[in-house]
Amino acid sequence: MDHFKGQPRLPTFAVPKRYDLRLKPDLDACRFAGSVAVNLDIVDPTNFIVLNAAELSVQNDAVSFTILDTPTKVLKPSRVELFADDEILVLEFQEKIPVGLGVLAIQFEGILNDKMKGFYRSAYEYNGEKKNMAVTQFEPADARRCFPCWDEPACKAAFKITLDVPRELVALSNMPVVQENKDGNLKTVWYQESPIMSTYLVAVVVGLFDYVEDHTSDGVKVRVYCQVGKANQGKFALHVAVKTLELFKDYFATPYLLPKLDMIAIPDFAAGAMENYGLVTYRETALLYDDQHSAAANKQRVATVVAHELAHQWFGNLVTMEWWTHLWLNEGFATWVSYLATDSLFPEWKIWTQFLDESTEGLKLDGLAESHPIEVEINHAQEIDEIFDAISYRKGASVIRMLQSYLGADCFQRSLASYIKKHTCSNAKTEDLWAALEEGSGEPVNKLMTSWTKQKGYPVVFVKVNDQKLEFSQSQFLSSGAQGEGHWIVPITICFGSYDVHKNFLLQTKSETRDVKEFLGSLITEDKGANSWIKLNVDQTGFYRVKYDESLTARLRHAVEKQILTASDRFGILDDSFALCMARQESLTSLINLMAAYREETDYTVLSNLITISHKINHIAADAVPDLLDYFKQFFINLFQYSAERLGWDPKPGESHLDAMLRGEILSALAVFGHDFTLNEANKRFQTFLVDRNTVLLPPDIRKATYVAVMQQATKSNQLAYDSLLKVYRETDLSQEKTRILGSLASSHDPDLILESLNFMLSSEVRSQDAVFGLAVSREGQDVAWAWLKTNWEHLKKTYGSGFLITRFVKAVVSPFASFEKAKEVEEFFATHPMPSIARTLKQSLERVNINANWVQGIQKETSLADAVKELAYRKY
Ligand code: BES
Ligand code: ZN
């Protein structure tokens, strides 16, 4: 029996074809009972059946195997053993089971846990009474916590589900109900059999809900389920879902496979949302939209999350990754295509420019030596959680975007549609996608893309002009400033002084020189002189960074100021420059001079990144050059003044969605940099809000900024603002409002008050899914947060240790540090408190600390910095 232990995959002598699953949850006792009958195809004679199970109790006499021969024959296992570490159930039979069909029947019991995975309970209130609902969350590998099964994405089977539940409750599963029988206080609900699907997509929800309903033009019934009394808040998501289903049907040239789609808000939910086939589950904040109290950013979040999960109904559910190594096919692709859908529904959101937020997060993680390739080896279920990260999602989405723009939108779509057709109701690997695209385009897609998915990292392309010659060279970019070994096939796009004068080529070697005249041929008729700019990675569709020589850099800065470039290109120039600065390949002096060129910027995404970069510089300057900190703050205030004046505090009639989002971010930044007017105005408006929660003076889009501003002034001895904010938290029943508040509480400058807010995160008033929002601590809070993490480590481990949320705590607390001593201290703590499921995140966070520390040292050597920042702080425009 022991030889089945320690294997990454289940043995393949029994292949599941169909599950008949019956579950009976007890919501008061928080337990469940169940039975499963699995139709198996035995493909090799065997004495053993090995499947997954975890935290279930299975009695020896509750297992039988029926050989479907004439006559049928029932076998009882001689041994039934559950190996907890490997999460497998091994059944041994005295008699060899012959090749052919059979049915494995198992009865089992389990606990409705409070860990937001497997079959779990979520708490809610109904008419002032506390209640539990029962919910499943199976991805990546927790179906085995609900019923014994072949819990691997490649083991697809049909599911016929039956539930026994209290008669007054709503009971949902992947498929529509076929029959319902009431008997006393209970009812039994039978669901239609599903098409073949992976276990991680099976779902069940039992509780009290209201819903709103609509249908697509071809008759798919779509519902959004919410808390009783809040059905109105589901209307926006319902609209998006109906439109998106229609759009994806066209895009993939394949209809949605199931007769219905339910989407449901779950009060306790670890991820943002989960694409269960036909029953998509969400955090409340990612599904519900309240006209009065939700912000523009909340609306956008709902739209993109819905589009993402519905994309999975094709990419993931209909065609599933063969193994977790190909997780990025699911997540990277769904992320990319969710932008496509959102753009088609809401073109005014300029969502493709906002996509650059995804790319830059991907670039940030992948700039670490501790990154991993998109296609990553997975040897144990425990390792899967950690790869739901910026590499699988954001780098994955970015390399898809790069490929799409290289191949062209039409060719890309046609090839995808044929990929979906070919692998419908089956599984696929990364190579299968490349093969379809290669066939559709005639381009060597596999060769091109392998360099992006099988090795970690990405290149920085250096470009310089030299006597009518353009020189391109690539090397691996690392945020540490070190030179990596990687080498890529880079799709280079390039513009010369105008978007009409452009060229593309593949940079395959380390370096390449091109004669400008020859390269451009007839494109350039005259020499445009010193002001002509050159921009590589046009519209930032490529997943790489660019470093220009000095003269090209100066020309680009000029082009930024003159607003000749697209928003995406302005974003890219700033973002690359920031990355190069952190890697000490560019000075902070030159970066802040470039930032000043963005003063009159109006694009949301560009400004939002400028704000992020300012915060980061503010943080690092506090460590590196504390004497200059006030000048830095004044510089940032000066920098954002133009936007602050343009936007004001009150929404303008008919203003854009993007300006509405931007206002909050600008005000919040001004508050953090200590802008007096902003702080005072925030206080005034907050006071009005406290007496009238519907005041027009504090619309949802500026609430978070206002909360952050009032917390800037709160201290332990003057806690009024803090207490008032908590009062708002306790009184609201809108999750988005609660999240805004949790994200503001630790922005005070007083370590004692920060500690109080951190402790609040672990109180019964904060759902464990939300505590991590409270880790947005001010600079003064960094050491407090670290001390707090250590003090509460055992508790955190108990609450979060079995899921992926724990990694967020580690990253949030550790990565802002900027000294080698701290890195060492953190390392030592975790050496004595090891935890395999955070291993990757910890290494990455420590690497970030060391990068910060090196950056601090670099900045301290910059002799021209003081003069530069002083001049910029008080520059008159
Ligand atoms: N499949 C994931 C949900 C998931 C995440 C399951 C992590 C298990 C572990 C889902 O499709 C997803 O990607 N959700 C995102 C939201 C999305 C819009 C990026 C999430 O949960 O953050
Ligand atoms: Zn996803």
# chains A, B, ... in the order shown; residues from 1 in each chain; ligands from 1
>>> residues_around(residues="range 574-585 of chain A", least_positions_apart="4", cutoff="10 Å", atoms="only C-alpha atoms", output="ChimeraX atom specification")
/A:356,360,363-364,367,460,477-482,544-548,553,557,560,569-570,589-592,594-595,597-598,606,609-610,613,616-617,851-852,854-859
>>> write_last_selection(atoms="N, CA and C atoms", output="compact mmCIF listing (two decimals), in the first residue's frame")
# COMPACT_ATOMS: atom_id res chain seq x y z
N LEU A 356 -2.40 47.72 -18.39
CA LEU A 356 -0.98 47.89 -18.06
C LEU A 356 -0.70 47.71 -16.57
N THR A 360 2.41 45.48 -15.42
CA THR A 360 3.48 45.96 -14.55
C THR A 360 3.59 45.11 -13.29
N LEU A 363 5.51 42.15 -14.40
CA LEU A 363 6.92 42.49 -14.57
C LEU A 363 7.61 42.61 -13.22
N LYS A 364 6.90 43.14 -12.24
CA LYS A 364 7.51 43.31 -10.92
C LYS A 364 7.86 41.96 -10.30
N GLY A 367 10.60 40.14 -12.17
CA GLY A 367 11.92 40.76 -12.09
C GLY A 367 12.71 40.23 -10.90
N VAL A 460 15.31 43.20 -20.81
CA VAL A 460 15.30 44.63 -21.05
C VAL A 460 16.03 44.81 -22.37
N PHE A 477 16.27 41.24 -17.40
CA PHE A 477 16.12 42.31 -16.42
C PHE A 477 15.87 41.71 -15.04
N LEU A 478 16.65 42.15 -14.07
CA LEU A 478 16.38 41.76 -12.68
C LEU A 478 16.33 43.02 -11.83
N SER A 479 15.34 43.09 -10.95
CA SER A 479 15.19 44.30 -10.12
C SER A 479 16.37 44.50 -9.18
N SER A 480 17.10 43.44 -8.94
CA SER A 480 18.27 43.56 -8.07
C SER A 480 19.40 44.29 -8.77
N GLY A 481 19.30 44.45 -10.08
CA GLY A 481 20.38 45.09 -10.83
C GLY A 481 21.35 44.06 -11.37
N ALA A 482 21.23 42.81 -10.94
CA ALA A 482 22.12 41.77 -11.45
C ALA A 482 21.75 41.45 -12.89
N TYR A 544 8.26 43.28 -21.95
CA TYR A 544 9.67 43.56 -21.72
C TYR A 544 9.85 45.02 -21.37
N ARG A 545 11.03 45.36 -20.93
CA ARG A 545 11.32 46.75 -20.62
C ARG A 545 12.30 47.29 -21.67
N VAL A 546 12.37 48.61 -21.75
CA VAL A 546 13.26 49.23 -22.73
C VAL A 546 14.13 50.26 -22.01
N LYS A 547 15.41 50.23 -22.33
CA LYS A 547 16.32 51.26 -21.82
C LYS A 547 16.90 51.99 -23.03
N TYR A 548 16.72 53.30 -23.04
CA TYR A 548 17.19 54.12 -24.17
C TYR A 548 18.52 54.78 -23.81
N THR A 553 16.49 59.18 -24.53
CA THR A 553 15.72 59.43 -23.31
C THR A 553 15.25 60.88 -23.26
N ARG A 557 11.38 62.28 -23.19
CA ARG A 557 10.85 63.12 -22.11
C ARG A 557 10.15 64.34 -22.72
N VAL A 560 6.84 63.33 -24.05
CA VAL A 560 5.86 63.16 -22.98
C VAL A 560 5.26 64.51 -22.62
N ASP A 569 1.98 54.47 -24.05
CA ASP A 569 3.41 54.73 -24.19
C ASP A 569 3.92 55.64 -23.08
N ARG A 570 3.12 56.60 -22.68
CA ARG A 570 3.53 57.44 -21.55
C ARG A 570 3.67 56.59 -20.29
N THR A 589 17.48 60.93 -9.28
CA THR A 589 17.43 62.31 -9.77
C THR A 589 16.80 62.36 -11.16
N SER A 590 17.23 61.47 -12.01
CA SER A 590 16.68 61.51 -13.36
C SER A 590 15.22 61.04 -13.35
N LEU A 591 14.89 60.07 -12.49
CA LEU A 591 13.49 59.62 -12.42
C LEU A 591 12.56 60.75 -11.97
N ILE A 592 12.94 61.48 -10.93
CA ILE A 592 12.00 62.53 -10.47
C ILE A 592 11.90 63.65 -11.50
N LEU A 594 11.92 63.11 -14.69
CA LEU A 594 10.97 62.58 -15.67
C LEU A 594 9.54 62.70 -15.11
N MET A 595 9.37 62.38 -13.83
CA MET A 595 8.03 62.45 -13.23
C MET A 595 7.43 63.84 -13.38
N ALA A 597 7.60 65.73 -15.74
CA ALA A 597 7.04 65.92 -17.08
C ALA A 597 5.59 65.44 -17.16
N TYR A 598 5.13 64.74 -16.11
CA TYR A 598 3.77 64.19 -16.11
C TYR A 598 2.78 65.05 -15.33
N VAL A 606 -2.15 56.23 -16.20
CA VAL A 606 -0.81 56.81 -16.09
C VAL A 606 -0.67 57.51 -14.73
N ASN A 609 -0.46 55.12 -11.82
CA ASN A 609 0.88 54.56 -11.67
C ASN A 609 1.86 55.60 -11.12
N LEU A 610 1.68 56.84 -11.53
CA LEU A 610 2.53 57.92 -11.00
C LEU A 610 2.35 58.02 -9.48
N ILE A 613 4.11 55.04 -7.80
CA ILE A 613 5.55 55.27 -7.82
C ILE A 613 5.94 56.32 -6.77
N LYS A 616 6.04 54.81 -3.37
CA LYS A 616 7.21 53.94 -3.22
C LYS A 616 8.47 54.80 -2.98
N ILE A 617 8.59 55.88 -3.71
CA ILE A 617 9.75 56.76 -3.52
C ILE A 617 9.71 57.42 -2.14
N ILE A 851 16.48 44.12 -2.26
CA ILE A 851 16.49 45.07 -3.38
C ILE A 851 16.28 46.49 -2.86
N ASN A 852 15.31 46.64 -1.96
CA ASN A 852 15.07 47.96 -1.35
C ASN A 852 16.32 48.46 -0.64
N ASN A 854 19.46 47.73 -1.13
CA ASN A 854 20.47 48.17 -2.09
C ASN A 854 20.12 49.50 -2.71
N TRP A 855 18.84 49.66 -2.93
CA TRP A 855 18.37 50.90 -3.54
C TRP A 855 18.66 52.08 -2.60
N VAL A 856 18.36 51.86 -1.32
CA VAL A 856 18.64 52.89 -0.32
C VAL A 856 20.11 53.31 -0.40
N GLN A 857 21.00 52.34 -0.44
CA GLN A 857 22.43 52.66 -0.49
C GLN A 857 22.79 53.43 -1.76
N GLY A 858 22.16 53.02 -2.87
CA GLY A 858 22.42 53.71 -4.13
C GLY A 858 21.98 55.17 -4.06
N ILE A 859 20.81 55.38 -3.50
CA ILE A 859 20.26 56.75 -3.42
C ILE A 859 21.17 57.64 -2.57
>>> residues_around(residues="range 61-67 of chain A", least_positions_apart="5", cutoff="10 Å", atoms="only C-alpha atoms", output="PyMOL selection string")
chain A and resi 35-40+42+49+72-80+91+93+97-108
>>> residues_near_ligand(ligand="ligand 2", cutoff="10 Å", atoms="only C-alpha atoms and all ligand atoms", output="list of chain:residue names")
A:Ala271, A:Gly272, A:Ala273, A:Met274, A:Glu275, A:Val305, A:Ala307, A:His308, A:Glu309, A:Leu310, A:Ala311, A:His312, A:Phe315, A:Gly316, A:Leu327, A:Trp328, A:Leu329, A:Asn330, A:Glu331, A:Gly332, A:Phe333, A:Ala334, A:Thr335, A:Ser338, A:Phe388, A:Ser392, A:Tyr393
>>> residues_around(residues="Glu471 in chain A", least_positions_apart="2", cutoff="7 Å", atoms="only C-alpha atoms", output="list in words")
Val463, Lys464, Val465, Lys469, Ser473, Glu512, Thr513 and Arg514 of chain A
>>> residues_around(residues="Cys30 in chain A", least_positions_apart="3", cutoff="12 Å", atoms="only C-alpha atoms", output="list in words")
Lys24, Pro25, Asp26, Leu27, Ala33, Glu109, Gly110, Ile111, Leu112, Asn113, Asp114, Phe119, Tyr120, Arg121, Ser122, Ala123, Lys131, Asn132, Met133, Ala134 and Val135 of chain A
>>> residues_around(residues="range 438-441 of chain A", least_positions_apart="6", cutoff="12 Å", atoms="only C-alpha atoms", output="number ranges by chain")
A: 403-404, 406-419, 431-432, 447-449
>>> write_last_selection(atoms="N, CA and C atoms", output="CSV table (one decimal), in the first residue's frame")
chain,number,residue,atom,x,y,z
A,403,LEU,N,1.3,38.1,-28.0
A,403,LEU,CA,1.2,37.2,-29.1
A,403,LEU,C,0.0,37.6,-30.0
A,404,GLN,N,-1.1,38.0,-29.4
A,404,GLN,CA,-2.2,38.5,-30.2
A,404,GLN,C,-1.9,39.7,-31.0
A,406,TYR,N,1.0,40.4,-32.1
A,406,TYR,CA,2.0,39.9,-33.1
A,406,TYR,C,1.3,39.2,-34.3
A,407,LEU,N,0.3,38.4,-33.9
A,407,LEU,CA,-0.4,37.6,-35.0
A,407,LEU,C,-1.6,38.3,-35.6
A,408,GLY,N,-2.1,39.3,-34.9
A,408,GLY,CA,-3.3,40.0,-35.5
A,408,GLY,C,-4.5,39.4,-34.9
A,409,ALA,N,-5.5,40.3,-34.6
A,409,ALA,CA,-6.7,40.0,-33.8
A,409,ALA,C,-7.5,38.9,-34.5
A,410,ASP,N,-7.7,39.0,-35.8
A,410,ASP,CA,-8.6,38.1,-36.5
A,410,ASP,C,-8.0,36.7,-36.5
A,411,CYS,N,-6.8,36.6,-36.9
A,411,CYS,CA,-6.1,35.3,-37.0
A,411,CYS,C,-6.1,34.6,-35.6
A,412,PHE,N,-5.9,35.5,-34.6
A,412,PHE,CA,-5.8,34.9,-33.2
A,412,PHE,C,-7.2,34.4,-32.8
A,413,GLN,N,-8.2,35.1,-33.1
A,413,GLN,CA,-9.5,34.6,-32.7
A,413,GLN,C,-9.9,33.3,-33.4
A,414,ARG,N,-9.7,33.3,-34.7
A,414,ARG,CA,-10.0,32.1,-35.5
A,414,ARG,C,-9.3,30.9,-34.9
A,415,SER,N,-8.0,31.0,-34.6
A,415,SER,CA,-7.2,29.9,-34.1
A,415,SER,C,-7.7,29.5,-32.8
A,416,LEU,N,-8.1,30.4,-31.9
A,416,LEU,CA,-8.6,30.1,-30.6
A,416,LEU,C,-9.9,29.3,-30.7
A,417,ALA,N,-10.8,29.7,-31.6
A,417,ALA,CA,-12.1,29.0,-31.8
A,417,ALA,C,-11.8,27.6,-32.2
A,418,SER,N,-10.8,27.4,-33.0
A,418,SER,CA,-10.5,26.0,-33.5
A,418,SER,C,-9.9,25.2,-32.3
A,419,TYR,N,-9.1,25.9,-31.5
A,419,TYR,CA,-8.5,25.2,-30.3
A,419,TYR,C,-9.7,24.7,-29.4
A,431,GLU,N,1.3,23.4,-25.2
A,431,GLU,CA,1.6,23.2,-26.6
A,431,GLU,C,0.4,23.1,-27.5
A,432,ASP,N,-0.7,22.6,-26.9
A,432,ASP,CA,-1.9,22.4,-27.8
A,432,ASP,C,-2.4,23.8,-28.2
A,447,LYS,N,7.9,28.0,-31.0
A,447,LYS,CA,9.3,28.4,-30.8
A,447,LYS,C,9.4,29.8,-30.1
A,448,LEU,N,8.5,30.7,-30.7
A,448,LEU,CA,8.5,32.0,-30.1
A,448,LEU,C,8.1,32.0,-28.7
A,449,MET,N,7.0,31.3,-28.4
A,449,MET,CA,6.4,31.4,-27.1
A,449,MET,C,7.1,30.6,-26.0
>>> select_by_dssp(residues="range 494-715 of chain A", states="alpha helix (DSSP H)", output="ChimeraX atom specification")
/A:516-520,550-561,567-582,588-596,604-624,629-647,657-672,676-691,703-712
>>> atom_distance(atom1="atom 17 (C, counted along the ligand's line) of ligand 1", atom2="CA of Thr136 in chain A")
17.8 Å
